[in-house]
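What follows is the content of coords.cif, which has mmCIF, C-alpha atoms:
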```cif
data_start
#
loop_
_atom_site.label_atom_id
_atom_site.label_comp_id
_atom_site.auth_asym_id
_atom_site.auth_seq_id
_atom_site.Cartn_x
_atom_site.Cartn_y
_atom_site.Cartn_z
CA MET A 989 44.62 24.60 71.71
CA THR A 990 42.67 24.08 68.49
CA ALA A 991 41.54 27.08 66.46
CA PHE A 992 38.47 26.58 64.27
CA VAL A 993 38.11 28.85 61.24
CA ILE A 994 34.54 28.95 59.90
CA LEU A 995 33.94 30.61 56.53
CA HIS A 996 30.50 32.23 56.66
CA TYR A 997 28.38 33.43 53.75
CA ARG A 998 24.72 34.30 54.33
CA ALA A 999 23.66 31.02 56.03
CA ILE A 1000 23.56 32.37 59.59
CA ASP A 1001 21.52 29.49 61.06
CA SER A 1002 24.07 26.98 59.75
CA THR A 1003 26.95 29.05 61.12
CA ASN A 1004 25.37 29.26 64.57
CA LYS A 1005 24.81 25.48 64.63
CA CYS A 1006 28.43 24.95 63.59
CA VAL A 1007 29.63 27.24 66.39
CA GLU A 1008 27.47 25.51 69.00
CA SER A 1009 28.75 22.08 67.95
CA ILE A 1010 32.35 23.28 68.41
CA LYS A 1011 31.54 24.78 71.80
CA ASN A 1012 30.47 21.33 72.99
CA LEU A 1013 33.88 19.81 72.23
CA LYS A 1014 36.33 18.94 74.98
CA GLY A 1015 39.58 20.86 75.23
CA GLU A 1016 40.68 24.46 74.80
CA ASN A 1017 39.17 25.74 71.57
CA ARG A 1018 38.87 29.10 69.84
CA ILE A 1019 36.44 29.91 67.04
CA ILE A 1020 37.11 32.44 64.29
CA ILE A 1021 34.21 33.23 61.97
CA VAL A 1022 35.16 34.88 58.68
CA ASP A 1023 32.21 36.64 57.08
CA ASN A 1024 32.91 36.66 53.35
CA ALA A 1025 31.15 40.01 52.75
CA SER A 1026 27.65 38.52 53.04
CA PRO A 1027 25.27 40.87 51.19
CA ASP A 1028 22.42 40.22 53.65
CA GLY A 1029 24.21 41.79 56.63
CA THR A 1030 24.58 38.51 58.54
CA GLY A 1031 28.27 39.20 59.16
CA ALA A 1032 27.42 42.28 61.19
CA ARG A 1033 24.70 40.31 63.00
CA LEU A 1034 27.21 37.62 63.95
CA ALA A 1035 29.71 40.25 65.12
CA ASP A 1036 27.03 41.74 67.38
CA GLN A 1037 25.83 38.33 68.56
CA TYR A 1038 29.30 37.17 69.65
CA ARG A 1039 30.66 40.55 70.74
CA ASP A 1040 31.02 39.50 74.39
CA ASP A 1041 31.93 35.87 73.74
CA GLU A 1042 35.61 35.37 74.57
CA GLN A 1043 35.70 32.06 72.68
CA VAL A 1044 34.47 33.51 69.38
CA THR A 1045 35.99 36.16 67.10
CA VAL A 1046 34.13 37.46 64.05
CA LEU A 1047 36.17 38.90 61.19
CA LEU A 1048 34.43 40.94 58.50
CA ASN A 1049 36.20 40.33 55.22
CA PRO A 1050 35.61 43.49 53.13
CA ASP A 1051 35.29 41.41 49.94
CA ASN A 1052 33.73 38.09 49.01
CA SER A 1053 37.07 36.54 48.13
CA GLY A 1054 35.86 32.96 47.78
CA PHE A 1055 36.98 29.81 49.58
CA ALA A 1056 40.78 29.96 49.42
CA ARG A 1057 41.38 33.65 50.15
CA GLY A 1058 38.44 33.83 52.58
CA ASN A 1059 39.87 30.98 54.65
CA ASN A 1060 43.40 32.38 54.30
CA TYR A 1061 42.08 35.62 55.79
CA GLY A 1062 41.05 33.65 58.89
CA THR A 1063 44.11 31.42 59.18
CA ARG A 1064 46.46 34.41 58.83
CA TYR A 1065 44.61 36.10 61.72
CA VAL A 1066 44.93 32.95 63.82
CA MET A 1067 48.68 32.66 63.29
CA GLU A 1068 49.26 36.34 63.99
CA ASN A 1069 47.15 36.46 67.15
CA MET A 1070 47.18 32.98 68.69
CA SER A 1071 49.47 30.02 69.15
CA PRO A 1072 47.33 27.00 68.25
CA ASP A 1073 48.50 23.40 68.17
CA TYR A 1074 46.09 22.75 65.30
CA VAL A 1075 43.99 24.86 62.95
CA CYS A 1076 40.74 23.30 61.74
CA VAL A 1077 39.18 25.00 58.71
CA LEU A 1078 35.55 24.08 58.12
CA ASN A 1079 32.52 25.18 56.16
CA ASP A 1080 29.64 26.86 57.96
CA ASP A 1081 27.42 23.91 56.96
CA VAL A 1082 29.44 21.41 58.99
CA GLU A 1083 28.67 20.14 62.49
CA ILE A 1084 30.87 18.09 64.81
CA PHE A 1085 29.18 15.69 67.23
CA GLN A 1086 32.25 13.87 68.63
CA ASP A 1087 32.93 15.59 71.94
CA ASP A 1088 36.50 14.18 71.92
CA PHE A 1089 37.18 15.43 68.36
CA CYS A 1090 40.14 17.61 69.38
CA LEU A 1091 41.57 14.94 71.68
CA LYS A 1092 41.49 12.47 68.79
CA ILE A 1093 43.34 14.96 66.55
CA HIS A 1094 46.17 14.99 69.09
CA GLU A 1095 46.13 11.18 69.40
CA ILE A 1096 46.49 10.85 65.63
CA TYR A 1097 49.30 13.41 65.57
CA LYS A 1098 51.22 11.51 68.27
CA GLU A 1099 50.93 8.32 66.18
CA LYS A 1100 51.91 10.03 62.91
CA PRO A 1101 52.95 13.70 62.91
CA PHE A 1102 50.93 15.10 60.02
CA ASP A 1103 50.90 18.36 58.13
CA VAL A 1104 47.31 18.05 56.89
CA LEU A 1105 44.58 15.79 58.28
CA GLY A 1106 41.10 15.05 56.95
CA PRO A 1107 38.17 13.53 58.86
CA ASP A 1108 35.40 11.29 57.57
CA ILE A 1109 32.88 13.75 56.09
CA VAL A 1110 29.34 12.40 55.82
CA SER A 1111 26.86 14.17 53.54
CA VAL A 1112 23.53 14.61 55.32
CA PHE A 1113 21.86 14.98 51.90
CA SER A 1114 23.03 11.70 50.37
CA GLY A 1115 24.65 9.72 53.17
CA ILE A 1116 27.85 9.49 51.10
CA HIS A 1117 31.24 9.55 52.83
CA GLN A 1118 32.86 12.40 50.89
CA SER A 1119 36.49 12.03 51.94
CA PRO A 1120 38.90 11.07 50.52
CA LYS A 1121 37.89 12.66 47.23
CA ARG A 1122 40.48 10.81 45.18
CA ILE A 1123 43.30 8.33 45.83
CA LYS A 1124 45.80 9.65 43.30
CA GLY A 1125 46.81 13.30 42.96
CA TYR A 1126 46.58 15.29 39.76
CA ASP A 1127 49.34 15.95 37.26
CA LEU A 1128 49.15 17.99 34.05
CA ASP A 1129 47.79 15.11 32.02
CA SER A 1130 44.98 14.18 34.42
CA LEU A 1131 44.25 17.87 35.00
CA ARG A 1132 43.70 18.42 31.27
CA LYS A 1133 41.40 15.39 31.13
CA LYS A 1134 39.42 16.98 33.95
CA GLN A 1135 39.24 20.24 31.98
CA ALA A 1136 37.84 18.37 28.97
CA TYR A 1137 35.24 16.70 31.19
CA VAL A 1138 34.18 20.04 32.66
CA ARG A 1139 33.83 21.55 29.18
CA ARG A 1140 31.54 18.67 28.14
CA SER A 1141 29.56 18.89 31.36
CA SER A 1142 29.02 22.65 30.91
CA ASN A 1143 26.82 22.00 27.88
CA PRO A 1144 23.27 23.29 28.74
CA ILE A 1145 21.71 19.84 28.19
CA MET A 1146 24.33 18.13 30.37
CA LEU A 1147 23.84 20.80 33.04
CA LEU A 1148 20.11 20.11 33.08
CA LEU A 1149 20.62 16.35 33.36
CA SER A 1150 23.25 16.59 36.10
CA SER A 1151 21.14 19.13 38.01
CA GLY A 1152 18.25 16.68 38.15
CA GLU A 1153 20.59 13.94 39.34
CA LYS A 1154 22.08 16.12 42.08
CA ASN A 1155 18.61 17.19 43.28
CA ASN A 1156 17.55 13.60 44.02
CA PRO A 1157 19.37 12.10 47.03
CA THR A 1158 18.68 8.48 45.99
CA ILE A 1159 19.98 8.94 42.43
CA TRP A 1160 22.93 11.05 43.59
CA ARG A 1161 23.85 8.51 46.28
CA SER A 1162 23.88 5.70 43.73
CA ALA A 1163 25.95 7.72 41.23
CA GLN A 1164 28.48 8.72 43.89
CA ARG A 1165 28.81 5.19 45.22
CA ARG A 1166 29.54 3.89 41.72
CA ALA A 1167 32.10 6.63 41.09
CA ARG A 1168 33.87 6.07 44.41
CA ALA A 1169 33.92 2.29 43.95
CA LYS A 1170 35.46 2.78 40.50
CA MET A 1171 38.24 4.85 42.09
CA ASN A 1172 38.71 2.22 44.86
CA ILE A 1173 38.04 4.76 47.61
CA ASP A 1174 37.57 3.24 51.05
CA SER A 1175 36.39 5.77 53.62
CA SER A 1176 36.42 3.21 56.41
CA SER A 1177 40.23 2.91 56.55
CA PRO A 1178 42.97 5.46 57.28
CA SER A 1179 45.11 6.44 54.29
CA GLU A 1180 48.03 8.70 53.45
CA GLY A 1181 48.72 10.83 50.38
CA VAL A 1182 45.08 11.05 49.26
CA ILE A 1183 43.08 14.12 48.23
CA LEU A 1184 40.99 15.27 51.17
CA HIS A 1185 37.61 17.01 51.13
CA GLY A 1186 37.67 20.73 51.88
CA ALA A 1187 34.50 20.91 54.00
CA CYS A 1188 36.71 20.20 57.02
CA VAL A 1189 40.50 20.02 57.06
CA ILE A 1190 43.00 20.20 59.92
CA PHE A 1191 46.51 21.67 59.77
CA SER A 1192 49.30 21.08 62.26
CA LYS A 1193 51.12 23.94 63.95
CA ASP A 1194 54.38 23.26 62.10
CA PHE A 1195 52.62 23.36 58.73
CA MET A 1196 50.79 26.58 59.62
CA ILE A 1197 54.00 28.28 60.75
CA LYS A 1198 55.40 27.61 57.26
CA HIS A 1199 52.08 28.29 55.49
CA PRO A 1200 49.93 30.75 57.46
CA GLU A 1201 47.79 31.06 54.32
CA PRO A 1202 47.59 27.39 53.28
CA PHE A 1203 45.27 27.62 50.27
CA TYR A 1204 46.40 28.63 46.77
CA PRO A 1205 44.89 32.11 46.39
CA LYS A 1206 44.27 32.20 42.63
CA THR A 1207 40.93 30.40 42.78
CA PHE A 1208 37.47 31.52 43.86
CA MET A 1209 35.74 28.22 44.59
CA TYR A 1210 36.36 24.50 43.96
CA PHE A 1211 39.48 22.38 43.32
CA GLU A 1212 41.27 23.96 46.29
CA MET A 1213 42.09 20.64 47.94
CA GLU A 1214 43.39 19.14 44.71
CA ILE A 1215 45.78 22.09 44.37
CA LEU A 1216 46.74 21.84 48.05
CA ASP A 1217 47.49 18.14 47.55
CA TRP A 1218 49.72 18.97 44.58
CA LEU A 1219 51.58 21.65 46.55
CA CYS A 1220 52.02 19.29 49.51
CA ARG A 1221 53.47 16.62 47.23
CA GLN A 1222 56.00 19.13 45.90
CA GLU A 1223 57.44 19.63 49.38
CA GLY A 1224 56.85 16.15 50.80
CA ALA A 1225 54.22 17.23 53.34
CA VAL A 1226 52.34 14.45 55.17
CA CYS A 1227 48.62 14.37 54.35
CA LEU A 1228 46.46 11.87 56.24
CA TYR A 1229 42.86 10.73 56.16
CA ASP A 1230 41.55 9.18 59.37
CA PRO A 1231 37.92 8.05 59.91
CA ARG A 1232 38.35 8.12 63.68
CA LEU A 1233 37.34 11.74 63.15
CA GLN A 1234 33.91 12.37 61.64
CA VAL A 1235 31.80 15.43 60.81
CA GLN A 1236 28.36 15.96 59.30
CA HIS A 1237 28.16 18.05 56.12
CA TYR A 1238 24.87 19.65 55.10
CA GLN A 1239 26.21 20.82 51.68
CA TYR A 1240 25.46 23.82 49.50
CA MET A 1241 23.64 25.83 52.19
CA ALA A 1242 25.11 29.17 51.07
CA THR A 1243 24.86 28.49 47.33
CA LYS A 1244 21.23 27.40 47.77
CA LEU A 1245 20.53 30.80 49.29
CA GLU A 1246 22.41 32.53 46.47
CA TYR A 1247 20.94 30.45 43.62
CA LYS A 1248 17.38 29.17 43.97
CA SER A 1249 17.54 27.43 40.57
CA ILE A 1250 19.55 24.21 40.70
CA VAL A 1251 20.50 24.66 37.03
CA ARG A 1252 21.95 28.12 37.75
CA ARG A 1253 23.68 26.64 40.78
CA SER A 1254 25.22 23.90 38.64
CA LYS A 1255 26.38 26.46 36.07
CA PHE A 1256 28.00 28.53 38.83
CA VAL A 1257 29.85 25.42 40.06
CA MET A 1258 31.09 24.55 36.58
CA ASP A 1259 32.20 28.12 35.84
CA CYS A 1260 34.15 28.33 39.11
CA LEU A 1261 35.64 24.87 38.60
CA SER A 1262 36.75 25.78 35.08
CA ASP A 1263 38.51 28.91 36.40
CA SER A 1264 40.19 26.90 39.17
CA LEU A 1265 41.44 24.29 36.71
CA LYS A 1266 43.00 27.03 34.60
CA ALA A 1267 44.73 28.42 37.70
CA ALA A 1268 45.99 24.93 38.61
CA GLU A 1269 47.28 24.36 35.07
CA GLN A 1270 49.18 27.65 35.16
CA LEU A 1271 50.70 26.74 38.53
CA MET A 1272 51.89 23.37 37.24
CA LEU A 1273 53.30 24.89 34.05
CA GLU A 1274 55.21 27.48 36.07
CA LYS A 1275 56.67 24.72 38.24
CA GLU A 1276 57.69 22.73 35.14
CA LYS A 1277 59.39 25.83 33.74
CA GLU A 1278 61.30 26.39 37.00
CA LEU A 1279 62.50 22.79 36.98
CA ARG A 1280 63.64 23.01 33.34
CA GLU A 1281 65.47 26.26 33.93
CA GLY A 1282 67.06 24.86 37.08
CA ALA A 1283 68.27 21.78 35.19
CA VAL A 1284 69.75 23.98 32.44
CA SER A 1285 71.55 26.21 34.93
CA VAL A 1286 73.08 23.17 36.67
CA LEU A 1287 74.38 21.87 33.35
#
```

Let me see whether you can do it: turn the structure in this file into structure tokens.
Amino acid sequence: MTAFVILHYRAIDSTNKCVESIKNLKGENRIIIVDNASPDGTGARLADQYRDDEQVTVLLNPDNSGFARGNNYGTRYVMENMSPDYVCVLNDDVEIFQDDFCLKIHEIYKEKPFDVLGPDIVSVFSGIHQSPKRIKGYDLDSLRKKQAYVRRSSNPIMLLLSSGEKNNPTIWRSAQRRARAKMNIDSSSPSEGVILHGACVIFSKDFMIKHPEPFYPKTFMYFEMEILDWLCRQEGAVCLYDPRLQVQHYQYMATKLEYKSIVRRSKFVMDCLSDSLKAAEQLMLEKEKELREGAVSVL
């Protein structure tokens, strides 16, 4: 059985389309919708809508706890109340059109038992294949370079320029293709040990038993998969990307409802990303300290 955890915030039409796409998949599937305290009452509407649907459970998170803790709220419920073979965490603006999606997950697992698996994620807005996000994982040095980049990009003039770029699918597609080519990212081939995109990610049962709340909880939004990659590398977990799986990603549906101005939306993204980078830096520094103290104690 595959359990699908959908994090919902305001965009009820997107959530319903996501649910319907999952219902069309072959295999035994359960759907858990986590409403992240939507202020427009859509969580209660979903709970009422699916009240008699045995395949769907709606959880009303009392707080908007962001991506990591919101999804952890759902995955914890799954592991305490079900016994899934796989847990697929996906945004409410994702749709799956492969009817054998879950069967392919199992095929891939039989070939290479994974801890974390990422599908090919295609942006409907730009046509860009969004996963993998990056070939090489972050360390403290590359993390601090990312922090410096975010500080520069948070300048009001830079925010205005980048907002215009992101609002034009042709310009954004070209910019993303150049960036991904520079990083030698090939979305057409399977790969291992890469940073996956968080719009849709699949966890194996063994990984979920060890980590019923798989996302680092000290972030609100953004950089979650980079931190997850770092944590997985610390314990030698197997992270795969496989384009035999593919989903469609409509992008920013909830944030577009929350922020009508693209400049305000860009500022929100940069603020959240900056906070997440600080949390990641602190995590890495704590790990370095543990390793130093462990080495001293051994000596």

**Message:** One number please: CA of Val1251 (chain A) to CA of Ser1142 (chain A), in Å, one decimal.
**Reply:**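 These atoms are spaced 10.7 Å apart.
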
**Message:** Restricting the calculation to all atoms listed in the file: of A:Lys1193, A:Lys1134, A:His1199, A:Lys1014, which residue gets closest to Phe1102 (chain A)?
**Reply:** A:Lys1193

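The spacing separating CA of Cys1188 (chain A) from CA of Asp1036 (chain A) amounts to 25.8 Å.
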
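Straight-line separation from CA of Pro1200 (chain A) to CA of Gln1086 (chain A): 26.9 Å.
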
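Proximity ranking of A:Arg1253, A:Arg1280, A:Lys1121, A:Lys1092 relative to Gly1186 (chain A) places A:Lys1121 first, based on only C-alpha atoms.
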
**Prompt:** Could you spell out the hits of the PyMOL selection byres ((chain A and resi 1025-1032) around 12) on the shown file, as a VMD selection string?
**Reply:** chain A and resid 995 to 1004 1021 to 1024 1033 to 1039 1045 to 1054 1058 1242 to 1243 1245 to 1246

At a cut-off of 9 Å, using all atoms listed in the file, what residues contact region 1111-1113 of chain A? Leave out same-chain residues fewer than 4 positions from it and give the result as a PDB file with C-alpha atoms, keeping the file's coordinate frame.
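Saved result, selection.pdb, follows:
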```pdb
ATOM      1  CA  HIS A1117      31.240   9.550  52.830  1.00  0.00           C
ATOM      2  CA  GLN A1118      32.860  12.400  50.890  1.00  0.00           C
ATOM      3  CA  PRO A1157      19.370  12.100  47.030  1.00  0.00           C
ATOM      4  CA  ARG A1161      23.850   8.510  46.280  1.00  0.00           C
ATOM      5  CA  VAL A1235      31.800  15.430  60.810  1.00  0.00           C
ATOM      6  CA  GLN A1236      28.360  15.960  59.300  1.00  0.00           C
ATOM      7  CA  HIS A1237      28.160  18.050  56.120  1.00  0.00           C
ATOM      8  CA  TYR A1238      24.870  19.650  55.100  1.00  0.00           C
ATOM      9  CA  GLN A1239      26.210  20.820  51.680  1.00  0.00           C
TER      10      GLN A1239
END
```

**Prompt:** Residues at most 12 Å from Asp1259 (chain A), counting only C-alpha atoms, excluding those fewer than 4 positions away in the same chain, as a ChimeraX atom specification?
**Reply:** /A:1135,1138-1139,1141-1143,1147,1207-1211,1252-1255,1263-1266

Give me a file of those residues, with C-alpha atoms, as a PDB file, in the coordinates of the input.
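again35.pdb was written with the following content:
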```
ATOM      1  CA  GLN A1135      39.240  20.240  31.980  1.00  0.00           C
ATOM      2  CA  VAL A1138      34.180  20.040  32.660  1.00  0.00           C
ATOM      3  CA  ARG A1139      33.830  21.550  29.180  1.00  0.00           C
ATOM      4  CA  SER A1141      29.560  18.890  31.360  1.00  0.00           C
ATOM      5  CA  SER A1142      29.020  22.650  30.910  1.00  0.00           C
ATOM      6  CA  ASN A1143      26.820  22.000  27.880  1.00  0.00           C
ATOM      7  CA  LEU A1147      23.840  20.800  33.040  1.00  0.00           C
ATOM      8  CA  THR A1207      40.930  30.400  42.780  1.00  0.00           C
ATOM      9  CA  PHE A1208      37.470  31.520  43.860  1.00  0.00           C
ATOM     10  CA  MET A1209      35.740  28.220  44.590  1.00  0.00           C
ATOM     11  CA  TYR A1210      36.360  24.500  43.960  1.00  0.00           C
ATOM     12  CA  PHE A1211      39.480  22.380  43.320  1.00  0.00           C
ATOM     13  CA  ARG A1252      21.950  28.120  37.750  1.00  0.00           C
ATOM     14  CA  ARG A1253      23.680  26.640  40.780  1.00  0.00           C
ATOM     15  CA  SER A1254      25.220  23.900  38.640  1.00  0.00           C
ATOM     16  CA  LYS A1255      26.380  26.460  36.070  1.00  0.00           C
ATOM     17  CA  ASP A1263      38.510  28.910  36.400  1.00  0.00           C
ATOM     18  CA  SER A1264      40.190  26.900  39.170  1.00  0.00           C
ATOM     19  CA  LEU A1265      41.440  24.290  36.710  1.00  0.00           C
ATOM     20  CA  LYS A1266      43.000  27.030  34.600  1.00  0.00           C
TER      21      LYS A1266
END
```

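The smallest atom-to-atom distance between Gly1106 (chain A) and any of A:Glu1269, A:Glu1068, A:Glu1180, A:Glu1212, using all atoms listed in the file, is found for A:Glu1180.
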
Evaluate the PyMOL selection byres ((chain A and resi 1230) around 9) against this structure - the residues, as a PDB file with C-alpha atoms, in the frame of the given file, please.
```pdb
ATOM      1  CA  ILE A1096      46.490  10.850  65.630  1.00  0.00           C
ATOM      2  CA  LEU A1105      44.580  15.790  58.280  1.00  0.00           C
ATOM      3  CA  GLY A1106      41.100  15.050  56.950  1.00  0.00           C
ATOM      4  CA  PRO A1107      38.170  13.530  58.860  1.00  0.00           C
ATOM      5  CA  ASP A1108      35.400  11.290  57.570  1.00  0.00           C
ATOM      6  CA  SER A1175      36.390   5.770  53.620  1.00  0.00           C
ATOM      7  CA  SER A1176      36.420   3.210  56.410  1.00  0.00           C
ATOM      8  CA  SER A1177      40.230   2.910  56.550  1.00  0.00           C
ATOM      9  CA  PRO A1178      42.970   5.460  57.280  1.00  0.00           C
ATOM     10  CA  SER A1179      45.110   6.440  54.290  1.00  0.00           C
ATOM     11  CA  GLU A1180      48.030   8.700  53.450  1.00  0.00           C
ATOM     12  CA  LEU A1228      46.460  11.870  56.240  1.00  0.00           C
ATOM     13  CA  TYR A1229      42.860  10.730  56.160  1.00  0.00           C
ATOM     14  CA  PRO A1231      37.920   8.050  59.910  1.00  0.00           C
ATOM     15  CA  ARG A1232      38.350   8.120  63.680  1.00  0.00           C
ATOM     16  CA  LEU A1233      37.340  11.740  63.150  1.00  0.00           C
ATOM     17  CA  GLN A1234      33.910  12.370  61.640  1.00  0.00           C
TER      18      GLN A1234
END
```

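Nearest to Asp1087 (chain A) of all the residues A:Ala1163, A:Val993, A:Ile1010, A:Val1104 is A:Ile1010, based on only C-alpha atoms.
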
**Request:** Let me know the residues the PyMOL selection byres ((chain A and resi 992) around 12) catches in the file above, as a PyMOL selection string.
**Result:** chain A and resi 989-991+993-995+1006-1007+1009-1011+1013+1016-1022+1043-1046+1059+1062-1063+1065-1067+1070+1072-1080+1082-1084+1089-1090+1188-1191
